[in-house]
$ cat my_file_38.cif   # mmCIF, C-alpha atoms
data_model
#
loop_
_atom_site.label_atom_id
_atom_site.label_comp_id
_atom_site.auth_asym_id
_atom_site.auth_seq_id
_atom_site.Cartn_x
_atom_site.Cartn_y
_atom_site.Cartn_z
CA MET A 930 0.00 0.00 0.00
CA THR A 931 1.55 3.29 -1.05
CA ASP A 932 2.08 6.21 1.33
CA ALA A 933 0.89 8.86 -1.12
CA ILE A 934 -1.50 8.93 -4.07
CA ALA A 935 -1.47 11.35 -6.95
CA ASP A 936 -4.62 13.40 -7.53
CA PHE A 937 -7.04 11.84 -9.99
CA SER A 938 -7.88 13.69 -13.19
CA PRO A 939 -11.61 14.38 -13.76
CA GLU A 940 -11.67 11.67 -16.41
CA ARG A 941 -10.13 9.09 -14.12
CA ARG A 942 -12.46 10.02 -11.29
CA ARG A 943 -15.40 9.55 -13.63
CA VAL A 944 -14.21 6.09 -14.65
CA LEU A 945 -13.95 5.04 -11.01
CA GLN A 946 -17.37 6.51 -10.23
CA LEU A 947 -18.87 4.51 -13.07
CA MET A 948 -17.20 1.40 -11.71
CA ALA A 949 -18.94 2.02 -8.38
CA LEU A 950 -22.31 2.79 -9.91
CA ALA A 951 -22.17 -0.39 -11.96
CA ALA A 952 -22.28 -2.37 -8.72
CA GLY A 953 -25.56 -0.85 -7.50
CA ALA A 954 -26.63 1.16 -4.48
CA THR A 955 -23.82 0.06 -2.20
CA THR A 956 -21.48 2.57 -3.82
CA LEU A 957 -17.85 3.22 -3.17
CA SER A 958 -15.91 6.27 -4.22
CA TRP A 959 -12.20 5.64 -4.58
CA SER A 960 -11.34 9.15 -3.53
CA GLY A 961 -8.21 7.93 -1.80
CA LYS A 962 -6.22 5.08 -0.39
CA LEU A 963 -7.09 2.80 2.49
CA PHE A 964 -5.15 3.77 5.57
CA ALA A 965 -2.94 1.44 7.52
CA ALA A 966 -3.93 0.41 11.03
CA ALA A 967 -3.92 3.21 13.61
CA SER A 968 -0.50 3.66 15.15
CA ASN A 969 -0.92 6.35 17.79
CA THR A 970 -4.43 6.00 19.20
CA ASP A 971 -7.29 3.57 19.46
CA THR A 972 -9.91 6.27 20.00
CA ARG A 973 -12.87 6.15 17.64
CA PHE A 974 -14.98 9.14 16.60
CA LEU A 975 -18.20 9.10 14.56
CA LEU A 976 -20.05 12.23 13.45
CA VAL A 977 -23.76 11.70 12.71
CA PHE A 978 -25.29 14.54 10.69
CA LEU A 979 -29.11 14.84 10.77
CA ARG A 980 -29.85 16.62 7.51
CA GLY A 981 -32.99 18.72 7.44
CA GLY A 982 -32.76 20.47 10.79
CA TYR A 983 -34.45 18.27 13.42
CA ASP A 984 -36.72 19.74 16.08
CA ALA A 985 -34.52 19.90 19.16
CA SER A 986 -37.39 21.10 21.37
CA SER A 987 -39.07 17.73 20.90
CA LEU A 988 -35.91 15.71 21.47
CA LEU A 989 -34.81 17.55 24.62
CA VAL A 990 -38.13 18.69 26.06
CA PRO A 991 -38.07 21.86 28.23
CA ILE A 992 -40.61 20.47 30.67
CA SER A 993 -40.31 23.42 33.09
CA SER A 994 -41.18 25.99 30.41
CA ASP A 995 -44.80 27.15 30.40
CA ASP A 996 -44.15 29.04 27.15
CA TYR A 997 -43.16 25.81 25.44
CA TYR A 998 -46.59 24.36 26.07
CA SER A 999 -48.46 27.56 25.26
CA VAL A 1000 -46.90 28.02 21.79
CA ARG A 1001 -47.07 24.34 20.84
CA PRO A 1002 -50.68 23.30 21.48
CA ASN A 1003 -50.52 20.41 18.99
CA ILE A 1004 -46.91 19.19 18.92
CA SER A 1005 -45.55 19.56 22.45
CA ILE A 1006 -44.45 16.52 24.44
CA ALA A 1007 -46.47 16.28 27.65
CA LYS A 1008 -44.56 16.38 30.92
CA THR A 1009 -46.04 13.02 31.84
CA GLN A 1010 -44.75 11.51 28.58
CA ALA A 1011 -41.22 12.93 28.60
CA LEU A 1012 -38.54 10.67 30.05
CA PRO A 1013 -37.10 12.46 33.11
CA LEU A 1014 -33.57 13.84 32.79
CA SER A 1015 -33.65 16.76 35.25
CA THR A 1016 -36.10 19.22 36.76
CA ASP A 1017 -35.92 21.29 33.55
CA TRP A 1018 -35.49 18.68 30.83
CA GLY A 1019 -37.07 15.50 29.57
CA LEU A 1020 -36.33 13.17 26.66
CA HIS A 1021 -38.68 12.22 23.81
CA PRO A 1022 -40.48 8.97 24.76
CA ALA A 1023 -39.60 7.38 21.40
CA LEU A 1024 -36.09 6.84 22.81
CA LYS A 1025 -37.19 4.98 25.92
CA ASP A 1026 -35.88 1.56 24.91
CA SER A 1027 -32.89 2.65 22.82
CA LEU A 1028 -31.04 5.69 24.20
CA TYR A 1029 -32.61 6.28 27.60
CA PRO A 1030 -30.72 3.27 29.03
CA LEU A 1031 -27.51 5.00 27.87
CA TRP A 1032 -28.54 8.06 29.87
CA GLN A 1033 -29.07 5.90 32.92
CA ARG A 1034 -25.58 4.45 32.44
CA SER A 1035 -24.07 7.95 31.89
CA GLU A 1036 -23.14 7.07 28.31
CA ILE A 1037 -24.97 9.94 26.64
CA ALA A 1038 -25.09 13.70 27.25
CA PHE A 1039 -26.91 16.56 25.54
CA VAL A 1040 -25.70 20.05 24.67
CA PRO A 1041 -28.63 22.45 24.13
CA PHE A 1042 -28.36 25.90 22.57
CA ALA A 1043 -25.72 24.52 20.22
CA GLY A 1044 -24.99 25.39 16.61
CA THR A 1045 -23.20 27.75 14.27
CA ASP A 1046 -23.14 31.49 13.68
CA ASP A 1047 -24.54 30.97 10.17
CA LEU A 1048 -27.86 32.83 10.08
CA THR A 1049 -29.06 32.00 6.58
CA ARG A 1050 -31.49 29.31 7.80
CA SER A 1051 -30.79 27.62 4.47
CA HIS A 1052 -30.33 23.86 4.65
CA PHE A 1053 -27.56 23.75 2.09
CA GLU A 1054 -25.67 26.85 3.17
CA THR A 1055 -25.76 25.97 6.86
CA GLN A 1056 -24.84 22.35 6.23
CA ASP A 1057 -21.87 23.55 4.19
CA SER A 1058 -20.87 25.98 6.94
CA ILE A 1059 -20.83 23.24 9.56
CA GLU A 1060 -18.99 20.75 7.36
CA LEU A 1061 -16.36 23.32 6.39
CA GLY A 1062 -15.71 24.38 9.98
CA GLN A 1063 -14.32 27.68 8.72
CA PRO A 1064 -15.33 31.25 9.63
CA VAL A 1065 -18.61 32.22 7.96
CA SER A 1066 -17.30 35.64 6.97
CA GLY A 1067 -14.51 36.02 4.44
CA HIS A 1068 -13.10 33.54 1.96
CA ARG A 1069 -13.85 29.85 2.52
CA ASP A 1070 -12.09 26.89 0.96
CA TYR A 1071 -14.79 24.45 -0.16
CA GLN A 1072 -12.15 21.77 -0.73
CA SER A 1073 -11.24 21.64 2.96
CA GLY A 1074 -13.66 20.07 5.44
CA PHE A 1075 -12.99 19.90 9.17
CA ILE A 1076 -12.95 16.10 9.45
CA ASN A 1077 -10.33 15.98 6.71
CA ARG A 1078 -8.27 18.58 8.56
CA LEU A 1079 -8.67 16.56 11.76
CA ALA A 1080 -7.43 13.46 9.92
CA ALA A 1081 -4.40 15.47 8.80
CA GLN A 1082 -3.54 16.29 12.42
CA ILE A 1083 -3.87 12.70 13.63
CA GLN A 1084 -2.11 11.03 10.73
CA GLY A 1085 -2.23 7.25 10.64
CA ILE A 1086 -5.86 7.13 11.84
CA PRO A 1087 -7.99 5.21 9.28
CA ALA A 1088 -11.01 7.34 8.31
CA ILE A 1089 -14.13 6.61 6.28
CA SER A 1090 -17.41 8.24 5.26
CA PHE A 1091 -20.42 5.91 5.28
CA THR A 1092 -22.06 7.79 2.40
CA GLY A 1093 -22.64 7.32 -1.32
CA THR A 1094 -20.69 10.46 -2.18
CA LEU A 1095 -17.88 12.10 -0.27
CA PRO A 1096 -19.29 14.90 1.95
CA ILE A 1097 -17.69 18.33 2.17
CA CYS A 1098 -16.46 17.71 5.71
CA CYS A 1099 -14.32 14.80 4.48
CA SER A 1100 -12.88 16.64 1.46
CA GLY A 1101 -9.31 17.90 1.48
CA GLY A 1102 -5.69 16.92 1.37
CA ILE A 1103 -6.14 13.57 3.14
CA ASN A 1104 -7.73 10.93 0.94
CA ILE A 1105 -10.78 9.50 2.75
CA PRO A 1106 -12.74 6.64 1.14
CA ASN A 1107 -16.51 6.53 1.23
CA VAL A 1108 -18.88 3.59 1.03
CA ALA A 1109 -22.68 3.54 1.42
CA LEU A 1110 -24.01 0.65 3.50
CA GLN A 1111 -27.76 1.22 3.21
CA ASP A 1112 -28.53 -1.57 0.74
CA ALA A 1113 -27.06 -5.03 1.03
CA ASN A 1114 -29.05 -6.51 -1.86
CA HIS A 1115 -26.66 -5.49 -4.60
CA SER A 1116 -23.65 -7.60 -5.44
CA PRO A 1117 -20.19 -6.12 -5.98
CA PHE A 1118 -18.18 -6.80 -9.10
CA ASP A 1119 -17.81 -10.53 -9.60
CA GLU A 1120 -14.38 -12.11 -10.03
CA ARG A 1121 -14.49 -11.81 -13.82
CA GLN A 1122 -15.41 -8.12 -13.73
CA SER A 1123 -12.75 -7.45 -11.12
CA LYS A 1124 -10.07 -9.06 -13.26
CA LEU A 1125 -11.17 -7.06 -16.31
CA LEU A 1126 -11.05 -3.79 -14.41
CA ALA A 1127 -7.69 -4.61 -12.88
CA ALA A 1128 -6.34 -5.47 -16.33
CA MET A 1129 -7.62 -2.15 -17.73
CA TYR A 1130 -5.43 -0.25 -15.27
CA SER A 1131 -2.48 -2.62 -15.15
CA ASN A 1132 0.85 -0.82 -15.45
CA THR A 1133 -0.78 2.60 -15.03
CA ALA A 1134 -0.54 5.17 -12.26
CA LEU A 1135 -4.01 4.08 -11.06
CA ALA A 1136 -3.25 0.35 -10.76
CA GLN A 1137 -2.70 0.45 -6.99
CA GLN A 1138 -5.76 2.60 -6.29
CA VAL A 1139 -8.03 0.35 -8.36
CA HIS A 1140 -6.62 -2.72 -6.63
CA GLU A 1141 -7.27 -1.23 -3.19
CA GLY A 1142 -10.75 -0.07 -4.16
CA LEU A 1143 -11.75 -3.51 -5.43
CA ASN A 1144 -10.41 -5.15 -2.29
CA LEU A 1145 -12.39 -2.79 -0.06
CA ARG A 1146 -15.56 -3.49 -2.03
CA GLN A 1147 -15.06 -7.24 -1.68
CA ASP A 1148 -14.38 -6.94 2.07
CA VAL A 1149 -17.55 -4.90 2.63
CA ALA A 1150 -19.59 -7.25 0.45
CA LYS A 1151 -18.44 -10.27 2.44
CA MET A 1152 -19.40 -8.57 5.69
CA LEU A 1153 -22.85 -7.74 4.32
CA GLN A 1154 -23.36 -11.29 3.04
CA ASP A 1155 -22.38 -12.73 6.43
CA GLU A 1156 -24.90 -10.43 8.07
CA MET A 1157 -27.64 -11.44 5.64
CA THR A 1158 -26.98 -15.09 6.48
CA ALA A 1159 -27.31 -14.31 10.17
CA ALA A 1160 -30.53 -12.42 9.46
CA ASN A 1161 -32.12 -15.62 8.20
CA ARG A 1162 -31.82 -16.87 11.76
CA GLY A 1163 -33.57 -13.79 13.12
CA ALA A 1164 -30.42 -11.92 14.19
CA ALA A 1165 -30.79 -8.82 12.03
CA SER A 1166 -32.87 -5.72 12.74
CA SER A 1167 -35.81 -4.46 10.72
CA THR A 1168 -35.08 -0.81 9.92
CA ALA A 1169 -32.73 0.51 7.28
CA PHE A 1170 -30.68 2.75 9.55
CA GLU A 1171 -30.37 0.10 12.22
CA ASN A 1172 -28.93 -2.28 9.65
CA GLN A 1173 -26.58 0.40 8.38
CA ALA A 1174 -25.51 1.32 11.90
CA ARG A 1175 -24.67 -2.29 12.75
CA ARG A 1176 -22.41 -2.51 9.69
CA MET A 1177 -20.78 0.78 10.66
CA GLY A 1178 -20.19 -0.52 14.17
CA LYS A 1179 -18.44 -3.62 12.87
CA LEU A 1180 -16.21 -1.61 10.55
CA MET A 1181 -15.26 0.92 13.20
CA ARG A 1182 -14.64 -1.81 15.73
CA GLU A 1183 -12.31 -3.71 13.45
CA GLN A 1184 -10.78 -1.26 10.98
CA TYR A 1185 -11.67 2.44 11.07
CA ARG A 1186 -11.20 5.05 13.77
CA LEU A 1187 -12.75 8.20 12.27
CA GLY A 1188 -16.17 8.12 10.59
CA PHE A 1189 -19.03 10.17 9.20
CA VAL A 1190 -22.64 9.33 8.32
CA ASP A 1191 -25.68 11.43 7.49
CA VAL A 1192 -29.36 10.68 8.04
CA GLY A 1193 -32.09 12.62 6.20
CA GLY A 1194 -35.80 13.28 6.71
CA TRP A 1195 -35.81 15.85 9.52
CA ASP A 1196 -37.48 18.81 7.77
CA THR A 1197 -40.85 18.67 9.57
CA HIS A 1198 -42.84 21.64 8.26
CA VAL A 1199 -46.16 19.75 8.23
CA ASN A 1200 -47.78 17.34 10.72
CA GLN A 1201 -44.67 16.88 12.80
CA GLY A 1202 -46.48 15.02 15.54
CA ASN A 1203 -45.73 14.92 19.25
CA ALA A 1204 -45.14 11.74 21.24
CA ASN A 1205 -46.37 9.96 18.12
CA GLY A 1206 -46.18 10.82 14.45
CA ALA A 1207 -43.53 11.47 11.82
CA LEU A 1208 -40.83 12.91 14.08
CA ALA A 1209 -41.36 10.23 16.71
CA THR A 1210 -40.92 7.54 14.06
CA ASN A 1211 -37.67 9.11 12.87
CA LEU A 1212 -36.34 9.40 16.40
CA ASN A 1213 -37.32 5.82 17.15
CA ASN A 1214 -35.45 4.54 14.09
CA LEU A 1215 -32.44 6.73 14.80
CA GLY A 1216 -32.32 5.69 18.44
CA LYS A 1217 -32.46 2.00 17.54
CA GLY A 1218 -29.69 2.51 15.01
CA LEU A 1219 -27.40 4.31 17.43
CA ALA A 1220 -28.03 1.71 20.13
CA ALA A 1221 -27.22 -1.00 17.58
CA PHE A 1222 -24.02 0.81 16.64
CA ALA A 1223 -22.99 0.92 20.29
CA GLN A 1224 -23.72 -2.77 20.65
CA GLU A 1225 -21.72 -3.74 17.56
CA THR A 1226 -18.64 -1.84 18.68
CA GLY A 1227 -18.36 -4.32 21.55
CA ASP A 1228 -15.48 -3.73 23.92
CA THR A 1229 -14.34 -0.74 21.86
CA TRP A 1230 -17.48 1.21 22.89
CA SER A 1231 -15.47 2.47 25.87
CA LYS A 1232 -13.04 4.03 23.35
CA THR A 1233 -15.74 5.42 21.05
CA VAL A 1234 -17.28 8.90 20.92
CA VAL A 1235 -20.35 9.63 18.79
CA VAL A 1236 -21.57 13.19 18.22
CA VAL A 1237 -24.97 13.87 16.63
CA VAL A 1238 -25.49 17.28 15.01
CA SER A 1239 -27.93 19.00 12.67
CA GLU A 1240 -27.59 22.17 10.61
CA PHE A 1241 -30.00 24.12 12.83
CA GLY A 1242 -32.91 23.73 15.20
CA ARG A 1243 -36.48 24.71 14.43
CA THR A 1244 -38.86 27.48 15.44
CA PHE A 1245 -39.97 27.51 19.05
CA ARG A 1246 -43.56 28.09 18.01
CA GLU A 1247 -45.42 25.57 15.91
CA ASN A 1248 -46.64 26.81 12.52
CA GLY A 1249 -50.12 26.72 10.98
CA ASN A 1250 -49.51 23.25 9.54
CA LYS A 1251 -48.82 21.63 12.91
CA GLY A 1252 -45.14 21.59 12.12
CA THR A 1253 -42.09 23.78 12.65
CA ASP A 1254 -39.93 25.92 10.37
CA HIS A 1255 -36.19 26.54 10.01
CA GLY A 1256 -34.66 27.85 13.20
CA HIS A 1257 -31.27 28.46 14.77
CA GLY A 1258 -30.10 26.86 18.03
CA SER A 1259 -30.22 23.08 18.29
CA VAL A 1260 -29.32 20.24 20.66
CA TYR A 1261 -26.23 18.11 20.02
CA TRP A 1262 -25.80 14.63 21.43
CA VAL A 1263 -22.57 13.10 22.71
CA MET A 1264 -22.43 9.33 23.21
CA GLY A 1265 -19.80 6.79 24.21
CA GLY A 1266 -18.90 4.15 26.74
CA GLY A 1267 -16.20 6.31 28.28
CA ILE A 1268 -17.72 9.80 28.15
CA ARG A 1269 -18.94 11.83 31.10
CA GLY A 1270 -22.59 11.35 30.28
CA GLY A 1271 -25.79 11.76 32.24
CA GLN A 1272 -25.55 15.55 32.01
CA ILE A 1273 -26.97 18.52 30.14
CA ALA A 1274 -23.76 20.33 29.23
CA GLY A 1275 -22.63 23.73 28.01
CA GLN A 1276 -23.96 27.24 28.47
CA GLN A 1277 -27.71 27.37 28.95
CA SER A 1278 -30.59 29.79 29.14
CA ALA A 1279 -34.16 29.69 30.34
CA VAL A 1280 -36.45 28.42 27.58
CA SER A 1281 -39.02 31.16 27.20
CA ILE A 1282 -40.41 33.62 24.69
CA ALA A 1283 -38.34 36.36 26.33
CA THR A 1284 -35.04 34.58 25.61
CA LEU A 1285 -35.72 33.61 21.98
CA PHE A 1286 -33.29 34.62 19.27
CA GLN A 1287 -35.01 37.09 16.92
CA ASN A 1288 -38.26 36.26 18.74
CA ARG A 1289 -38.49 32.85 17.07
CA ASP A 1290 -35.63 30.42 17.80
CA TRP A 1291 -33.40 29.00 20.48
CA PRO A 1292 -30.20 31.06 20.63
CA VAL A 1293 -26.79 29.53 19.93
CA LEU A 1294 -24.74 29.75 23.11
CA ASN A 1295 -22.40 26.84 22.36
CA ASP A 1296 -20.51 27.07 19.09
CA TYR A 1297 -20.06 23.60 17.60
CA ARG A 1298 -16.44 24.31 16.65
CA SER A 1299 -15.54 25.31 20.20
CA MET A 1300 -17.31 22.24 21.56
CA LEU A 1301 -15.70 19.78 19.14
CA GLY A 1302 -12.34 21.50 19.45
CA GLY A 1303 -12.37 20.97 23.20
CA MET A 1304 -13.28 17.33 22.73
CA PHE A 1305 -10.63 16.71 20.06
CA GLY A 1306 -7.99 18.30 22.27
CA HIS A 1307 -8.70 15.73 24.99
CA MET A 1308 -9.31 12.76 22.71
CA TYR A 1309 -6.21 13.15 20.55
CA GLY A 1310 -3.92 15.31 22.66
CA LEU A 1311 -3.90 18.06 20.05
CA SER A 1312 -2.03 21.28 20.71
CA GLY A 1313 -3.55 24.74 20.32
CA LYS A 1314 -1.81 25.09 16.97
CA GLN A 1315 -3.23 21.78 15.77
CA LEU A 1316 -6.74 22.69 16.91
CA ASP A 1317 -6.47 25.99 15.07
CA ALA A 1318 -5.66 24.03 11.92
CA VAL A 1319 -8.89 22.07 12.37
CA PHE A 1320 -11.09 25.03 13.37
CA PRO A 1321 -9.33 28.28 12.36
CA GLY A 1322 -9.76 31.21 14.70
CA VAL A 1323 -11.88 29.36 17.26
CA ARG A 1324 -11.21 28.99 20.97
CA ALA A 1325 -11.71 25.41 22.10
CA VAL A 1326 -14.02 25.00 25.10
CA ASP A 1327 -13.79 22.07 27.51
CA MET A 1328 -17.35 21.08 28.40
CA GLY A 1329 -16.21 18.13 30.50
CA LEU A 1330 -17.69 15.56 28.15
CA VAL A 1331 -14.62 13.39 27.44
#
$ encode --input "my_file_38.cif" --output "structure tokens"
Amino acid sequence: MTDAIADFSPERRRVLQLMALAAGATTLSWSGKLFAAASNTDTRFLLVFLRGGYDASSLLVPISSDDYYSVRPNISIAKTQALPLSTDWGLHPALKDSLYPLWQRSEIAFVPFAGTDDLTRSHFETQDSIELGQPVSGHRDYQSGFINRLAAQIQGIPAISFTGTLPICCSGGINIPNVALQDANHSPFDERQSKLLAAMYSNTALAQQVHEGLNLRQDVAKMLQDEMTAANRGAASSTAFENQARRMGKLMREQYRLGFVDVGGWDTHVNQGNANGALATNLNNLGKGLAAFAQETGDTWSKTVVVVVSEFGRTFRENGNKGTDHGHGSVYWVMGGGIRGGQIAGQQSAVSIATLFQNRDWPVLNDYRSMLGGMFGHMYGLSGKQLDAVFPGVRAVDMGLV
């Protein structure tokens, strides 16, 4: 395995993309080499991005806020239904069997009033801002995402994106492979196809990359096939994300140390629901998936940190369609077998109409870059200079989570 890989030309990238597409929905982008085994740390980090802006006020319920109940007559979570966390906060009941046990074991914490200083309330612009991890004002380099910059500072840590295409946060100077695990029903290239493709690139600059890409595809396919066999005996789960999360857990337990995955479907403008309904179903599926991920990591769960983010929160008041609109402050989740869980962390404010940002949203009191910077400093022993390379111009804040 080579230590460095030349940049692909657009034509070569297209050929490799077509190779991946030919194998079906379980796609792999050979955007870079496979990394060798981690040499300087066994810590694992997974970022889960909820695309669409989930409603944080339903996840972390401000049960002591009278205003919350007055402005959400149809979609609020009743105090009697919320799972108790503290005198001020409760958890959505859809997570009772999946993530609430982690709270009871101090393996999950929540950071309310979290987010970015991007005020566009645009899904795409705010998602890009978070993935870039660069100052919103001034020039931004769209070829440099913060996970890629983190990988550059902890060289030798094998990283992967569990997505069909490489996300912005994983783009940059370090080559990070990506593979989508949602659909296990599509076969990879068979032996004949693999030999043909290898022969096409034999004695070329891309021979090694193609070889590594084909090997990774075969390894993932074998894992999926083994899981499908087990499923015939009733061992597999029923939801798509839960299946995906189990596969991710196996890969991060055995091979990778830095990962990314995104989950869509959180833009609840209409009929959001309360303890039941569309949002509750999404949270239930997500919770089962994250619990399955934790289970599959096995003994390495104590060395694993999972952070769940979204581009923004949603409006404090419900709208005329019994839903919510694009907001600002959100709630981030931090999970892991070795974290300091069982707490509501970071700077906080009373949840009331009087404290709303622009009279509509939760304010952002905890910048995500400061939060993650503080965590990365502890997890990887990064210096101030290294943290500044990951999140330029940001002061890391230790929230006592890791």
$ atom_distance --input "my_file_38.cif" --atom1 "atom CA of Lys1314 of chain A" --atom2 "atom CA of Ile1083 of chain A"
13.0 Å
$ residues_around --input "my_file_38.cif" --residues "Thr1045 of chain A" --least-positions-apart "5" --cutoff "7 Å" --atoms "only C-alpha atoms" --output "MDAnalysis selection string"
chainID A and resid 1059 1293 1296:1297
$ closest_residue --input "my_file_38.cif" --among "A:Ala1279, A:Ala1274, A:Val977, A:Leu1061" --to "Leu1330 of chain A" --atoms "only C-alpha atoms"
A:Ala1274
$ atom_distance --input "my_file_38.cif" --atom1 "atom CA of Ala1174 of chain A" --atom2 "atom CA of Phe1222 of chain A"
5.0 Å
$ atom_distance --input "my_file_38.cif" --atom1 "atom CA of Phe1039 of chain A" --atom2 "atom CA of Gly1194 of chain A"
21.1 Å
$ closest_residue --input "my_file_38.cif" --among "A:Gln1010, A:Thr1197, A:Asn1003, A:Gln1276" --to "Gly1256 of chain A" --atoms "only C-alpha atoms"
A:Thr1197
$ closest_residue --input "my_file_38.cif" --among "A:Arg1069, A:Lys1251, A:Arg1269, A:Arg1243" --to "Asp1196 of chain A" --atoms "all atoms listed in the file"
A:Arg1243
$ residues_around --input "my_file_38.cif" --residues "Asp1290 of chain A" --least-positions-apart "4" --cutoff "9 Å" --atoms "only C-alpha atoms" --output "list in words"
Gly1242, Arg1243, Thr1244, Phe1245, Arg1246, His1255, Gly1256, His1257, Gly1258, Ile1282, Thr1284, Leu1285 and Phe1286 of chain A
$ closest_residue --input "my_file_38.cif" --among "A:Arg1182, A:Asp1191, A:Val1108, A:Val990" --to "Gly1227 of chain A" --atoms "all atoms listed in the file"
A:Arg1182
$ resolve_selection --input "my_file_38.cif" --expression "the PyMOL selection byres ((chain A and resi 1081) around 12)" --output "ChimeraX atom specification"
/A:1073-1080,1082-1088,1099-1105,1187,1311,1315-1316,1318-1319
$ residues_near_point --input "my_file_38.cif" --point "(-9.4, 14.9, 22.9)" --cutoff "12 Å" --atoms "only C-alpha atoms" --output "number ranges by chain"
A: 970, 972-974, 1079, 1083, 1232-1234, 1268, 1300-1313, 1315-1316, 1325-1331
$ residues_around --input "my_file_38.cif" --residues "Leu979 of chain A" --least-positions-apart "4" --cutoff "6 Å" --atoms "all atoms listed in the file" --output "mmCIF file with C-alpha atoms, in the coordinates of the input"
data_model
loop_
_atom_site.group_PDB
_atom_site.id
_atom_site.type_symbol
_atom_site.label_atom_id
_atom_site.label_comp_id
_atom_site.auth_asym_id
_atom_site.auth_seq_id
_atom_site.Cartn_x
_atom_site.Cartn_y
_atom_site.Cartn_z
ATOM 1 C CA ASP A 1191 -25.680 11.430 7.490
ATOM 2 C CA VAL A 1192 -29.360 10.680 8.040
ATOM 3 C CA GLY A 1193 -32.090 12.620 6.200
ATOM 4 C CA SER A 1239 -27.930 19.000 12.670
#
$ build_atoms --input "my_file_38.cif" --residues "segment 1194-1205 of chain A" --atoms "N, CA, C and O atoms" --output "compact mmCIF listing (two decimals), in the frame of the given file"
# COMPACT_ATOMS: atom_id res chain seq x y z
N GLY A 1194 -34.38 13.37 6.36
CA GLY A 1194 -35.80 13.28 6.71
C GLY A 1194 -36.24 14.06 7.92
O GLY A 1194 -37.27 13.74 8.52
N TRP A 1195 -35.52 15.13 8.28
CA TRP A 1195 -35.81 15.85 9.52
C TRP A 1195 -36.48 17.20 9.30
O TRP A 1195 -36.65 17.97 10.26
N ASP A 1196 -36.89 17.51 8.08
CA ASP A 1196 -37.48 18.81 7.77
C ASP A 1196 -39.00 18.74 7.96
O ASP A 1196 -39.76 18.53 7.02
N THR A 1197 -39.45 18.95 9.19
CA THR A 1197 -40.85 18.67 9.57
C THR A 1197 -41.71 19.94 9.56
O THR A 1197 -42.13 20.43 10.60
N HIS A 1198 -41.99 20.44 8.37
CA HIS A 1198 -42.84 21.64 8.26
C HIS A 1198 -44.31 21.33 8.48
O HIS A 1198 -45.08 22.21 8.88
N VAL A 1199 -44.73 20.10 8.20
CA VAL A 1199 -46.16 19.75 8.23
C VAL A 1199 -46.37 18.48 9.06
O VAL A 1199 -45.62 17.51 8.92
N ASN A 1200 -47.39 18.52 9.94
CA ASN A 1200 -47.78 17.34 10.72
C ASN A 1200 -46.58 16.65 11.36
O ASN A 1200 -46.36 15.45 11.18
N GLN A 1201 -45.86 17.40 12.14
CA GLN A 1201 -44.67 16.88 12.80
C GLN A 1201 -44.99 15.79 13.81
O GLN A 1201 -44.23 14.83 13.96
N GLY A 1202 -46.13 15.95 14.49
CA GLY A 1202 -46.48 15.02 15.54
C GLY A 1202 -45.90 15.42 16.88
O GLY A 1202 -45.19 16.41 17.00
N ASN A 1203 -46.24 14.64 17.90
CA ASN A 1203 -45.73 14.92 19.25
C ASN A 1203 -45.06 13.65 19.79
O ASN A 1203 -44.00 13.29 19.34
N ALA A 1204 -45.71 12.99 20.76
CA ALA A 1204 -45.14 11.74 21.24
C ALA A 1204 -45.28 10.64 20.19
O ALA A 1204 -44.57 9.63 20.25
N ASN A 1205 -46.17 10.86 19.25
CA ASN A 1205 -46.37 9.96 18.12
C ASN A 1205 -46.34 10.77 16.84
O ASN A 1205 -46.44 11.98 16.85
